[in-house]
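With mmCIF, C-alpha atoms and all ligand atoms inside, this is data-v5.cif:
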```cif
data_coords
loop_
_atom_site.group_PDB
_atom_site.id
_atom_site.type_symbol
_atom_site.label_atom_id
_atom_site.label_comp_id
_atom_site.auth_asym_id
_atom_site.auth_seq_id
_atom_site.Cartn_x
_atom_site.Cartn_y
_atom_site.Cartn_z
ATOM 1 C CA MET C 1 0.000 0.000 0.000
ATOM 2 C CA CYS C 2 1.258 3.419 -0.869
ATOM 3 C CA ARG C 3 0.986 6.185 1.726
ATOM 4 C CA ILE C 4 1.231 9.804 0.799
ATOM 5 C CA PHE C 5 2.315 12.209 3.502
ATOM 6 C CA TYR C 6 1.463 15.875 3.176
ATOM 7 C CA PHE C 7 3.850 18.248 4.930
ATOM 8 C CA GLN C 8 2.841 21.811 5.456
ATOM 9 C CA ILE C 9 5.714 24.014 4.363
ATOM 10 C CA PRO C 10 5.270 27.402 6.057
ATOM 11 C CA MET C 11 5.660 30.293 3.625
ATOM 12 C CA LYS C 12 7.827 32.903 5.268
ATOM 13 C CA THR C 13 7.486 36.629 4.756
ATOM 14 C CA LYS C 14 10.896 37.697 3.457
ATOM 15 C CA ILE C 15 12.470 41.000 4.405
ATOM 16 C CA LEU C 16 15.715 42.468 3.071
ATOM 17 C CA MET C 17 17.643 45.320 4.732
ATOM 18 C CA VAL C 18 19.852 47.279 2.316
ATOM 19 C CA CYS C 19 22.654 49.819 2.762
ATOM 20 C CA LEU C 20 25.765 50.709 0.737
ATOM 21 C CA GLY C 21 28.477 48.400 2.074
ATOM 22 C CA ASN C 22 26.397 45.799 3.990
ATOM 23 C CA ILE C 23 28.830 45.962 6.897
ATOM 24 C CA CYS C 24 27.516 48.772 9.164
ATOM 25 C CA ARG C 25 23.802 49.702 9.007
ATOM 26 C CA SER C 26 21.971 46.846 7.256
ATOM 27 C CA PRO C 27 23.633 44.042 9.284
ATOM 28 C CA LEU C 28 22.495 45.857 12.436
ATOM 29 C CA ALA C 29 18.979 46.260 10.996
ATOM 30 C CA GLU C 30 18.947 42.549 10.107
ATOM 31 C CA GLY C 31 20.065 41.524 13.606
ATOM 32 C CA ILE C 32 17.611 43.852 15.353
ATOM 33 C CA LEU C 33 14.537 42.841 13.325
ATOM 34 C CA LYS C 34 15.445 39.133 13.546
ATOM 35 C CA SER C 35 15.506 39.449 17.332
ATOM 36 C CA LYS C 36 11.943 40.843 17.333
ATOM 37 C CA VAL C 37 10.126 38.465 14.969
ATOM 38 C CA ASP C 38 9.209 34.793 15.001
ATOM 39 C CA THR C 39 11.821 33.412 12.610
ATOM 40 C CA THR C 40 9.664 30.399 11.773
ATOM 41 C CA HIS C 41 7.414 32.852 9.901
ATOM 42 C CA TYR C 42 9.840 35.580 8.860
ATOM 43 C CA LEU C 43 13.133 35.547 7.001
ATOM 44 C CA VAL C 44 15.281 38.656 7.566
ATOM 45 C CA GLU C 45 18.481 39.194 5.562
ATOM 46 C CA SER C 46 20.620 42.105 4.368
ATOM 47 C CA ALA C 47 22.645 43.223 1.348
ATOM 48 C CA GLY C 48 24.648 46.168 0.060
ATOM 49 C CA THR C 49 24.276 48.083 -3.192
ATOM 50 C CA GLY C 50 28.100 48.025 -3.441
ATOM 51 C CA GLY C 51 30.099 44.811 -3.680
ATOM 52 C CA TRP C 52 33.325 45.734 -1.834
ATOM 53 C CA HIS C 53 32.545 43.678 1.269
ATOM 54 C CA VAL C 54 30.999 40.538 -0.232
ATOM 55 C CA GLY C 55 31.784 37.610 2.076
ATOM 56 C CA ALA C 56 33.044 39.885 4.876
ATOM 57 C CA LEU C 57 31.968 40.023 8.511
ATOM 58 C CA PRO C 58 30.059 43.124 9.638
ATOM 59 C CA ASP C 59 32.223 46.088 10.705
ATOM 60 C CA PRO C 60 33.714 45.421 14.198
ATOM 61 C CA ARG C 61 31.933 48.555 15.488
ATOM 62 C CA SER C 62 28.539 47.140 14.376
ATOM 63 C CA ILE C 63 29.399 43.782 15.950
ATOM 64 C CA SER C 64 30.327 45.520 19.174
ATOM 65 C CA ILE C 65 27.234 47.773 19.381
ATOM 66 C CA ALA C 66 25.016 44.763 18.612
ATOM 67 C CA LYS C 67 26.776 42.789 21.367
ATOM 68 C CA LYS C 68 26.261 45.668 23.802
ATOM 69 C CA HIS C 69 22.517 45.312 23.145
ATOM 70 C CA GLY C 70 22.524 41.519 23.459
ATOM 71 C CA LEU C 71 22.678 40.633 19.754
ATOM 72 C CA ASP C 72 25.190 38.416 17.964
ATOM 73 C CA ILE C 73 25.547 39.365 14.286
ATOM 74 C CA THR C 74 28.784 37.450 13.629
ATOM 75 C CA ASP C 75 26.967 34.802 11.565
ATOM 76 C CA GLN C 76 26.362 37.436 8.859
ATOM 77 C CA ARG C 77 28.497 37.835 5.716
ATOM 78 C CA GLY C 78 28.390 40.646 3.175
ATOM 79 C CA LYS C 79 26.190 40.216 0.093
ATOM 80 C CA LYS C 80 25.573 42.441 -2.921
ATOM 81 C CA PHE C 81 22.011 43.401 -3.827
ATOM 82 C CA SER C 82 20.887 41.879 -7.131
ATOM 83 C CA THR C 83 17.828 42.265 -9.385
ATOM 84 C CA TYR C 84 16.905 38.679 -8.416
ATOM 85 C CA ASP C 85 16.272 39.949 -4.857
ATOM 86 C CA PHE C 86 13.061 41.623 -6.070
ATOM 87 C CA GLU C 87 11.691 38.142 -6.757
ATOM 88 C CA ILE C 88 12.801 36.686 -3.420
ATOM 89 C CA TYR C 89 11.831 39.381 -0.905
ATOM 90 C CA ASP C 90 8.407 40.809 -0.007
ATOM 91 C CA HIS C 91 9.765 43.968 1.665
ATOM 92 C CA ILE C 92 13.037 45.790 0.934
ATOM 93 C CA PHE C 93 14.007 48.423 3.524
ATOM 94 C CA VAL C 94 16.781 50.787 2.458
ATOM 95 C CA MET C 95 18.813 52.904 4.873
ATOM 96 C CA ASP C 96 19.109 56.145 2.885
ATOM 97 C CA ASN C 97 17.947 58.066 -0.167
ATOM 98 C CA SER C 98 21.024 57.117 -2.161
ATOM 99 C CA ASN C 99 20.365 53.395 -1.526
ATOM 100 C CA TYR C 100 16.739 54.043 -2.527
ATOM 101 C CA ARG C 101 17.765 55.473 -5.904
ATOM 102 C CA ASP C 102 20.265 52.658 -6.527
ATOM 103 C CA VAL C 103 17.726 49.927 -5.752
ATOM 104 C CA ILE C 104 14.784 51.547 -7.585
ATOM 105 C CA ARG C 105 16.982 51.911 -10.692
ATOM 106 C CA LEU C 106 17.201 48.090 -10.823
ATOM 107 C CA ALA C 107 13.431 47.474 -10.487
ATOM 108 C CA LYS C 108 11.714 46.147 -13.600
ATOM 109 C CA ASN C 109 8.141 47.210 -12.808
ATOM 110 C CA ASP C 110 5.860 48.998 -10.323
ATOM 111 C CA SER C 111 5.275 45.913 -8.231
ATOM 112 C CA GLU C 112 9.039 45.625 -7.625
ATOM 113 C CA LYS C 113 9.311 49.377 -6.922
ATOM 114 C CA GLN C 114 6.531 49.188 -4.338
ATOM 115 C CA LYS C 115 8.543 46.701 -2.274
ATOM 116 C CA VAL C 116 11.232 49.334 -1.619
ATOM 117 C CA LYS C 117 10.834 51.638 1.391
ATOM 118 C CA LEU C 118 13.083 53.982 3.334
ATOM 119 C CA ILE C 119 13.340 52.381 6.763
ATOM 120 C CA LEU C 120 13.001 55.639 8.753
ATOM 121 C CA ASN C 121 9.697 56.418 7.009
ATOM 122 C CA GLU C 122 8.341 53.745 9.377
ATOM 123 C CA ILE C 123 8.813 56.184 12.271
ATOM 124 C CA PHE C 124 8.829 59.521 10.391
ATOM 125 C CA PRO C 125 6.219 58.864 7.670
ATOM 126 C CA GLY C 126 6.833 60.721 4.419
ATOM 127 C CA GLU C 127 9.894 62.610 5.734
ATOM 128 C CA ASN C 128 12.458 60.562 3.764
ATOM 129 C CA VAL C 129 15.061 60.790 6.531
ATOM 130 C CA ASP C 130 18.394 58.931 6.068
ATOM 131 C CA VAL C 131 19.971 56.567 8.574
ATOM 132 C CA PRO C 132 23.365 58.340 8.638
ATOM 133 C CA ASP C 133 26.287 56.261 7.415
ATOM 134 C CA PRO C 134 28.520 55.735 10.504
ATOM 135 C CA TYR C 135 31.398 54.139 8.502
ATOM 136 C CA TYR C 136 33.663 57.212 8.513
ATOM 137 C CA GLY C 137 32.601 58.508 11.941
ATOM 138 C CA GLY C 138 33.309 57.584 15.546
ATOM 139 C CA ASP C 139 31.831 54.862 17.722
ATOM 140 C CA ASN C 140 29.047 57.161 18.940
ATOM 141 C CA GLY C 141 27.509 57.109 15.446
ATOM 142 C CA PHE C 142 26.910 53.391 15.812
ATOM 143 C CA GLU C 143 24.913 53.841 19.021
ATOM 144 C CA GLN C 144 22.736 56.489 17.324
ATOM 145 C CA VAL C 145 22.208 54.199 14.328
ATOM 146 C CA TYR C 146 21.315 51.331 16.663
ATOM 147 C CA GLN C 147 18.684 53.474 18.437
ATOM 148 C CA MET C 148 17.104 54.659 15.158
ATOM 149 C CA LEU C 149 16.998 51.147 13.723
ATOM 150 C CA ASN C 150 15.641 49.676 16.936
ATOM 151 C CA GLU C 151 12.724 52.124 16.881
ATOM 152 C CA ALA C 152 12.058 51.540 13.169
ATOM 153 C CA CYS C 153 12.214 47.746 13.569
ATOM 154 C CA GLU C 154 9.793 47.905 16.492
ATOM 155 C CA LYS C 155 7.316 49.663 14.142
ATOM 156 C CA ILE C 156 7.965 47.218 11.305
ATOM 157 C CA MET C 157 7.379 44.274 13.651
ATOM 158 C CA SER C 158 4.098 45.730 14.950
ATOM 159 C CA ARG C 159 2.849 46.180 11.359
ATOM 160 C CA LEU C 160 3.838 42.758 10.005
HETATM 161 P P1 LIG Z 201 27.176 50.776 5.351
HETATM 162 O O1 LIG Z 201 28.513 51.674 5.517
HETATM 163 O O2 LIG Z 201 26.587 51.154 4.005
HETATM 164 O O3 LIG Z 201 26.298 51.199 6.485
HETATM 165 O O4 LIG Z 201 27.625 49.348 5.419
HETATM 166 C C1 LIG Z 201 29.560 51.624 4.593
HETATM 167 C C2 LIG Z 201 30.514 50.654 4.701
HETATM 168 C C3 LIG Z 201 31.578 50.608 3.798
HETATM 169 C C4 LIG Z 201 31.658 51.557 2.800
HETATM 170 C C5 LIG Z 201 30.691 52.545 2.694
HETATM 171 C C6 LIG Z 201 29.646 52.585 3.585
HETATM 172 N N1 LIG Z 201 32.759 51.518 1.881
HETATM 173 O O5 LIG Z 201 32.865 52.440 1.071
HETATM 174 O O6 LIG Z 201 33.568 50.585 1.924
#
```
Will you turn the file into structure tokens for me?
Amino acid sequence: MCRIFYFQIPMKTKILMVCLGNICRSPLAEGILKSKVDTTHYLVESAGTGGWHVGALPDPRSISIAKKHGLDITDQRGKKFSTYDFEIYDHIFVMDNSNYRDVIRLAKNDSEKQKVKLILNEIFPGENVDVPDPYYGGDNGFEQVYQMLNEACEKIMSRL
């Protein structure tokens, strides 16, 4: 006798965080949102519009600020955003207006464009505020970025 087993494969909502280098802001955003959602239902990843840090660990300052807030982001490795990501992800949150332009330029249609949102518009709707790039600044910039992203991710989580 032949038995057929049906397994329910849960469809996850897929979220991508995007910045320029994928070593400072978007790895933090990925780690923060992952810590707030049920990862059996949500996939959270990150990528950069530039490819300089593909395969690299997050910046040590991002690792250290994440650790300070109880998050381990050392399992992450740099990835470059690709047009294929529009097909994979349901929501694409970009860190600044420059990332927004770079990602939108790669979209093939309106449905792909509508997936792309500036992350701080979650807490400052319609204001198009940038998450400042802390790469060239001091350690204090990373704490500010953490606080902004934590607030935005709290909003994202409550709306999912
Ligand atoms: P991120 O910061 O976009 O927040 O990861 C940057 C990291 C590296 C570079 C630029 C921005 N870079 O030019 O290498």
For ligand LIG 201 (chain Z), which residue out of C:Leu43, C:Pro134, C:Asp72, C:Asn150 is the nearest one, using only C-alpha atoms and all ligand atoms?
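So, comparing all the options, the nearest one is C:Pro134.
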Skipping near chain neighbours, those fewer than 3 positions away, what residues fall within 12 Å of Arg77 (chain C) using all atoms listed in the file, listed as a compact mmCIF listing (two decimals) with C-alpha atoms, keeping the file's coordinate frame?
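Output file part-v4.txt follows:
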```txt
# COMPACT_ATOMS: atom_id res chain seq x y z
CA GLY C 21 28.48 48.40 2.07
CA ASN C 22 26.40 45.80 3.99
CA ILE C 23 28.83 45.96 6.90
CA CYS C 24 27.52 48.77 9.16
CA SER C 26 21.97 46.85 7.26
CA PRO C 27 23.63 44.04 9.28
CA GLU C 30 18.95 42.55 10.11
CA GLU C 45 18.48 39.19 5.56
CA SER C 46 20.62 42.10 4.37
CA ALA C 47 22.64 43.22 1.35
CA GLY C 48 24.65 46.17 0.06
CA GLY C 51 30.10 44.81 -3.68
CA TRP C 52 33.33 45.73 -1.83
CA HIS C 53 32.54 43.68 1.27
CA VAL C 54 31.00 40.54 -0.23
CA GLY C 55 31.78 37.61 2.08
CA ALA C 56 33.04 39.88 4.88
CA LEU C 57 31.97 40.02 8.51
CA PRO C 58 30.06 43.12 9.64
CA ASP C 59 32.22 46.09 10.70
CA ILE C 63 29.40 43.78 15.95
CA ILE C 73 25.55 39.36 14.29
CA THR C 74 28.78 37.45 13.63
CA LYS C 80 25.57 42.44 -2.92
```
Tell me, as a PyMOL selection string, which residues lie within 6 Å of region 100-117 of chain C, counting only C-alpha atoms; anything in the same chain fewer than 6 positions away does not count.
chain C and resi 86+91-94
Run the PyMOL selection byres (((chain C and resi 36) around 8) and not hetatm) on the file and write out the hits as a PyMOL selection string.
chain C and resi 32-35+37-38+153-154+157
Of the listed residues C:Leu118, C:Met148, C:Leu160, C:Leu28, that which approaches ligand LIG 201 (chain Z) most closely, counting all atoms listed in the file:
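When distances to ligand LIG 201 (chain Z) are compared using all atoms listed in the file, the smallest one comes from C:Leu28.
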What are the centre and edge lengths in Å, to one decimal, of the axis-aligned box around all listed atoms of ligand LIG 201 (chain Z) with 3 Å added on each side, as JSON?
```
{"center_x": 29.9, "center_y": 51.0, "center_z": 3.8, "size_x": 13.3, "size_y": 9.2, "size_z": 11.4}
```
Nearest residue to ligand LIG 201 (chain Z) out of C:Gln147, C:Asn128, C:Asn99, C:Thr40, using only C-alpha atoms and all ligand atoms?
C:Asn99
Enter the distance from atom O2 of ligand LIG 201 (chain Z) to CA of Glu127 (chain C), in Å, rounded to one decimal.
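We find that atom O2 of ligand LIG 201 (chain Z) and CA of Glu127 (chain C) lie 20.3 Å from each other.
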Among listed residues C:Thr13, C:Thr39, C:Ser62, C:Thr83, nearest ligand LIG 201 (chain Z) (using all atoms listed in the file):
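Closest to ligand LIG 201 (chain Z), using all atoms listed in the file: C:Ser62.
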Result set of the PyMOL selection byres (((chain C and resi 132) around 10) and not hetatm) on the coordinates above, as an MDAnalysis selection string:
chainID C and resid 25 95:96 129:131 133:135 137 141:142 144:145 148
